[in-house]
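Asker: There's a structure below that I have some questions on.
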Amino acid sequence: MDYRKLLRNEEDDLKASAHESAAELEYWSKPDFEGAMYDDRIYTINDIYSLPEGVIAELIGGKLYFKGTPKSIHQEISGEVYFDIVNHIRGRGGDCRVFFPPYGVYLHGDNSTYVIPDLTIVCDPDKRKDDGCFGAPDWVVEVISKSTQKIDYGLKLFLYREAGVREYWIINPANRTVMVYVFESGRE
């Protein structure tokens, strides 16, 4: 396999994603969401809580990032990976739990950063609450789409590593790749 070609394809996908994200911003430039992603306002968890029902957003660095409805391939992959992980944990008698959206993660254990991974695996029962995971989960899986890949490959990669997530998977259905980051061992 020519990995250089694969990386070039990933780079082209990221460039296309930036253009699509800009187009998506037009959709959210309505009175209730005017400039939500790029204005100077610092948003808080209360802004997340006050979003209309059905509108899902993440809070990173005081900015809101709206999440759209996933495509069917995204749902299929998320579902298959969910069942594989659950079966793996159960088969070994593990105590970890696997959650899917809209299970939120208060990444720093407070209201400053709120993300909604595609799959969240939490082993520490003290972090598992009815409202979400409070603190860094053990393992996060993101299935990217064109509109989320810039955030998943860049911003969230840094965010998860710094917060203490032990393992992070990025699944790219378009390229049929899985990138695995094992932060606890220092191996990426």
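The chains in the structure tokens are called A, B, ... from first to last as shown; in each chain the residues are counted from 1, and the ligands are counted from 1 in the order shown.
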Name all residues at most 10 Å from Val178 of chain A (count only C-alpha atoms; drop same-chain ones fewer than 4 positions away) and give them as an mmCIF file with all heavy atoms, in the first residue's frame.

Answerer:
data_model
loop_
_atom_site.group_PDB
_atom_site.id
_atom_site.type_symbol
_atom_site.label_atom_id
_atom_site.label_comp_id
_atom_site.auth_asym_id
_atom_site.auth_seq_id
_atom_site.Cartn_x
_atom_site.Cartn_y
_atom_site.Cartn_z
ATOM 1 N N VAL A 141 -13.920 6.970 20.184
ATOM 2 C CA VAL A 141 -13.961 6.626 18.767
ATOM 3 C C VAL A 141 -14.757 7.701 18.042
ATOM 4 O O VAL A 141 -15.871 8.041 18.453
ATOM 5 C CB VAL A 141 -14.627 5.247 18.528
ATOM 6 C CG1 VAL A 141 -14.715 4.942 17.038
ATOM 7 C CG2 VAL A 141 -13.880 4.153 19.277
ATOM 8 N N GLU A 142 -14.175 8.245 16.974
ATOM 9 C CA GLU A 142 -14.871 9.194 16.107
ATOM 10 C C GLU A 142 -14.909 8.611 14.701
ATOM 11 O O GLU A 142 -13.887 8.173 14.184
ATOM 12 C CB GLU A 142 -14.154 10.556 16.071
ATOM 13 C CG GLU A 142 -14.102 11.297 17.393
ATOM 14 C CD GLU A 142 -15.380 12.011 17.770
ATOM 15 O OE1 GLU A 142 -16.421 11.818 17.110
ATOM 16 O OE2 GLU A 142 -15.341 12.765 18.760
ATOM 17 N N VAL A 143 -16.098 8.578 14.109
ATOM 18 C CA VAL A 143 -16.258 8.200 12.711
ATOM 19 C C VAL A 143 -16.410 9.512 11.969
ATOM 20 O O VAL A 143 -17.378 10.242 12.176
ATOM 21 C CB VAL A 143 -17.495 7.300 12.496
ATOM 22 C CG1 VAL A 143 -17.639 6.940 11.024
ATOM 23 C CG2 VAL A 143 -17.411 6.057 13.369
ATOM 24 N N TRP A 169 -9.498 6.536 18.496
ATOM 25 C CA TRP A 169 -9.594 5.975 17.153
ATOM 26 C C TRP A 169 -10.310 6.967 16.250
ATOM 27 O O TRP A 169 -11.348 7.519 16.632
ATOM 28 C CB TRP A 169 -10.395 4.687 17.142
ATOM 29 C CG TRP A 169 -9.735 3.484 17.723
ATOM 30 C CD1 TRP A 169 -8.639 3.441 18.543
ATOM 31 C CD2 TRP A 169 -10.161 2.135 17.539
ATOM 32 N NE1 TRP A 169 -8.360 2.152 18.886
ATOM 33 C CE2 TRP A 169 -9.276 1.319 18.282
ATOM 34 C CE3 TRP A 169 -11.196 1.547 16.838
ATOM 35 C CZ2 TRP A 169 -9.410 -0.060 18.321
ATOM 36 C CZ3 TRP A 169 -11.326 0.169 16.877
ATOM 37 C CH2 TRP A 169 -10.433 -0.610 17.608
ATOM 38 N N ILE A 170 -9.772 7.162 15.061
ATOM 39 C CA ILE A 170 -10.437 7.963 14.033
ATOM 40 C C ILE A 170 -10.718 7.025 12.862
ATOM 41 O O ILE A 170 -9.787 6.514 12.233
ATOM 42 C CB ILE A 170 -9.572 9.135 13.558
ATOM 43 C CG1 ILE A 170 -9.181 10.037 14.729
ATOM 44 C CG2 ILE A 170 -10.313 9.934 12.491
ATOM 45 C CD1 ILE A 170 -8.184 11.132 14.357
ATOM 46 N N ILE A 171 -11.997 6.790 12.593
ATOM 47 C CA ILE A 171 -12.397 5.908 11.502
ATOM 48 C C ILE A 171 -12.826 6.772 10.327
ATOM 49 O O ILE A 171 -13.701 7.631 10.463
ATOM 50 C CB ILE A 171 -13.542 4.974 11.935
ATOM 51 C CG1 ILE A 171 -13.091 4.115 13.121
ATOM 52 C CG2 ILE A 171 -14.011 4.116 10.761
ATOM 53 C CD1 ILE A 171 -14.193 3.263 13.723
ATOM 54 N N ASN A 172 -12.210 6.554 9.173
ATOM 55 C CA ASN A 172 -12.514 7.307 7.962
ATOM 56 C C ASN A 172 -13.185 6.367 6.956
ATOM 57 O O ASN A 172 -12.495 5.585 6.301
ATOM 58 C CB ASN A 172 -11.243 7.909 7.373
ATOM 59 C CG ASN A 172 -11.516 8.805 6.193
ATOM 60 O OD1 ASN A 172 -12.499 8.638 5.477
ATOM 61 N ND2 ASN A 172 -10.636 9.764 5.968
ATOM 62 N N PRO A 173 -14.520 6.429 6.835
ATOM 63 C CA PRO A 173 -15.215 5.531 5.906
ATOM 64 C C PRO A 173 -14.824 5.759 4.447
ATOM 65 O O PRO A 173 -14.765 4.801 3.672
ATOM 66 C CB PRO A 173 -16.697 5.861 6.102
ATOM 67 C CG PRO A 173 -16.778 6.651 7.345
ATOM 68 C CD PRO A 173 -15.442 7.274 7.570
#

Asker: Got a sec to tell me which of segment 21-175 of chain A DSSP assigns to helix (DSSP H, G or I), as a ChimeraX atom specification?

Answerer: /A:21-28,31-33,45-49,72-91,149-163

Asker: Between atom CA of Phe66 of chain A and atom CA of Cys96 of chain A, what is the distance in Å, rounded to a tenth?

Answerer: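 Value for the atom CA of Phe66 of chain A-atom CA of Cys96 of chain A distance: 28.4 Å.
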
Asker: Can you tell me which residues surround segment 112-126 of chain A at a distance of at most 9 Å, considering only C-alpha atoms, apart from same-chain residues fewer than 6 positions away, and format the answer as a PyMOL selection string?

Answerer: chain A and resi 44-45+48+56-62+78+81-82+85+94-106+133-134+136-143+156

Asker: Please, what distance in Å, to one decimal, runs between atom CA of Gly109 of chain A and atom CA of Asn46 of chain A?

Answerer: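 Atom CA of Asn46 of chain A lies 15.3 Å from atom CA of Gly109 of chain A.
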
Asker: Interatomic distance between atom CA of Leu157 of chain A and atom CA of Tyr181 of chain A?

Answerer: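 That distance, rounded to one decimal, is 8.7 Å.
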
Asker: I'd like the contact shell of segment 53-55 of chain A - 9 Å cut-off, only C-alpha atoms, skipping same-chain residues fewer than 3 positions apart - returned as an mmCIF file with all heavy atoms, in the first residue's frame.

Answerer:
data_model
loop_
_atom_site.group_PDB
_atom_site.id
_atom_site.type_symbol
_atom_site.label_atom_id
_atom_site.label_comp_id
_atom_site.auth_asym_id
_atom_site.auth_seq_id
_atom_site.Cartn_x
_atom_site.Cartn_y
_atom_site.Cartn_z
ATOM 1 N N SER A 50 -29.237 25.457 26.498
ATOM 2 C CA SER A 50 -30.357 26.260 25.997
ATOM 3 C C SER A 50 -30.619 26.090 24.501
ATOM 4 O O SER A 50 -31.504 26.742 23.960
ATOM 5 C CB SER A 50 -30.123 27.740 26.332
ATOM 6 O OG SER A 50 -29.005 28.230 25.627
ATOM 7 N N PHE A 66 -21.455 22.935 15.895
ATOM 8 C CA PHE A 66 -22.704 22.223 15.686
ATOM 9 C C PHE A 66 -22.473 20.916 14.951
ATOM 10 O O PHE A 66 -21.641 20.825 14.068
ATOM 11 C CB PHE A 66 -23.684 23.109 14.911
ATOM 12 C CG PHE A 66 -24.123 24.289 15.709
ATOM 13 C CD1 PHE A 66 -23.473 25.513 15.592
ATOM 14 C CD2 PHE A 66 -25.156 24.181 16.606
ATOM 15 C CE1 PHE A 66 -23.858 26.595 16.355
ATOM 16 C CE2 PHE A 66 -25.557 25.267 17.368
ATOM 17 C CZ PHE A 66 -24.901 26.472 17.247
ATOM 18 N N LYS A 67 -23.233 19.912 15.374
ATOM 19 C CA LYS A 67 -23.122 18.589 14.761
ATOM 20 C C LYS A 67 -24.373 18.333 13.928
ATOM 21 O O LYS A 67 -25.487 18.547 14.393
ATOM 22 C CB LYS A 67 -22.980 17.501 15.829
ATOM 23 C CG LYS A 67 -21.672 17.632 16.603
ATOM 24 C CD LYS A 67 -21.516 16.538 17.621
ATOM 25 C CE LYS A 67 -21.235 15.231 16.997
ATOM 26 N NZ LYS A 67 -19.945 14.637 17.226
ATOM 27 N N GLY A 68 -24.154 17.856 12.711
ATOM 28 C CA GLY A 68 -25.273 17.535 11.837
ATOM 29 C C GLY A 68 -25.718 16.093 12.019
ATOM 30 O O GLY A 68 -25.178 15.342 12.831
#

Asker: Could you tell me, as a list in words, which residues of segment 31-121 of chain A DSSP assigns to strand (DSSP E) when given the backbone?

Answerer: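 Filtering segment 31-121 of chain A down to strand (DSSP E) leaves Ile56, Ala57, Glu58, Leu59, Ile60, Lys63, Leu64, Tyr65, Phe66, Lys67, Arg97, Val98, Phe99, Val105, Tyr106, Tyr114, Val115, Leu119, Thr120 and Ile121 of chain A.
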
Asker: Keeping only N, CA and C atoms, write those residues as a CSV table (one decimal), in the first residue's frame.

Answerer:
chain,number,residue,atom,x,y,z
A,56,ILE,N,-27.7,19.8,18.2
A,56,ILE,CA,-26.6,19.2,19.0
A,56,ILE,C,-25.3,20.0,18.7
A,57,ALA,N,-24.6,20.4,19.7
A,57,ALA,CA,-23.4,21.1,19.5
A,57,ALA,C,-22.4,20.7,20.6
A,58,GLU,N,-21.1,20.9,20.3
A,58,GLU,CA,-20.1,20.7,21.3
A,58,GLU,C,-19.5,22.0,21.7
A,59,LEU,N,-18.9,22.1,22.8
A,59,LEU,CA,-18.2,23.3,23.4
A,59,LEU,C,-16.8,23.0,23.5
A,60,ILE,N,-16.0,23.8,22.8
A,60,ILE,CA,-14.5,23.6,22.8
A,60,ILE,C,-13.9,25.0,22.8
A,63,LYS,N,-16.1,28.0,22.1
A,63,LYS,CA,-16.7,28.1,20.8
A,63,LYS,C,-17.7,26.9,20.7
A,64,LEU,N,-18.8,27.2,20.0
A,64,LEU,CA,-19.8,26.1,19.7
A,64,LEU,C,-19.5,25.5,18.4
A,65,TYR,N,-19.5,24.2,18.3
A,65,TYR,CA,-19.4,23.5,17.0
A,65,TYR,C,-20.6,22.6,16.9
A,66,PHE,N,-21.5,22.9,15.9
A,66,PHE,CA,-22.7,22.2,15.7
A,66,PHE,C,-22.5,20.9,15.0
A,67,LYS,N,-23.2,19.9,15.4
A,67,LYS,CA,-23.1,18.6,14.8
A,67,LYS,C,-24.4,18.3,13.9
A,97,ARG,N,-17.9,0.6,30.3
A,97,ARG,CA,-19.2,0.8,29.6
A,97,ARG,C,-19.0,1.6,28.3
A,98,VAL,N,-19.8,1.3,27.3
A,98,VAL,CA,-19.7,1.9,26.0
A,98,VAL,C,-20.9,2.7,25.8
A,99,PHE,N,-20.8,4.0,25.4
A,99,PHE,CA,-21.9,4.9,25.2
A,99,PHE,C,-21.8,5.5,23.8
A,105,VAL,N,-19.5,14.3,27.0
A,105,VAL,CA,-18.3,14.2,27.8
A,105,VAL,C,-17.9,15.6,28.3
A,106,TYR,N,-17.9,15.8,29.6
A,106,TYR,CA,-17.4,17.0,30.2
A,106,TYR,C,-15.9,16.7,30.4
A,114,TYR,N,-17.2,20.4,26.5
A,114,TYR,CA,-18.3,19.4,26.3
A,114,TYR,C,-18.2,18.9,24.9
A,115,VAL,N,-17.9,17.6,24.8
A,115,VAL,CA,-17.9,17.0,23.4
A,115,VAL,C,-18.8,15.8,23.4
A,119,LEU,N,-18.4,7.2,19.9
A,119,LEU,CA,-18.4,6.2,20.9
A,119,LEU,C,-17.5,6.6,22.1
A,120,THR,N,-18.0,6.4,23.3
A,120,THR,CA,-17.2,6.8,24.5
A,120,THR,C,-17.1,5.6,25.4
A,121,ILE,N,-15.9,5.2,25.7
A,121,ILE,CA,-15.7,4.0,26.6
A,121,ILE,C,-15.2,4.5,27.9

Asker: Counting only C-alpha atoms, which of A:Glu162, A:Glu167, A:Asp84, A:Asp110 gets nearest to Glu184 of chain A?

Answerer: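 Checking each candidate against Glu184 of chain A, we get A:Glu167 as the closest.
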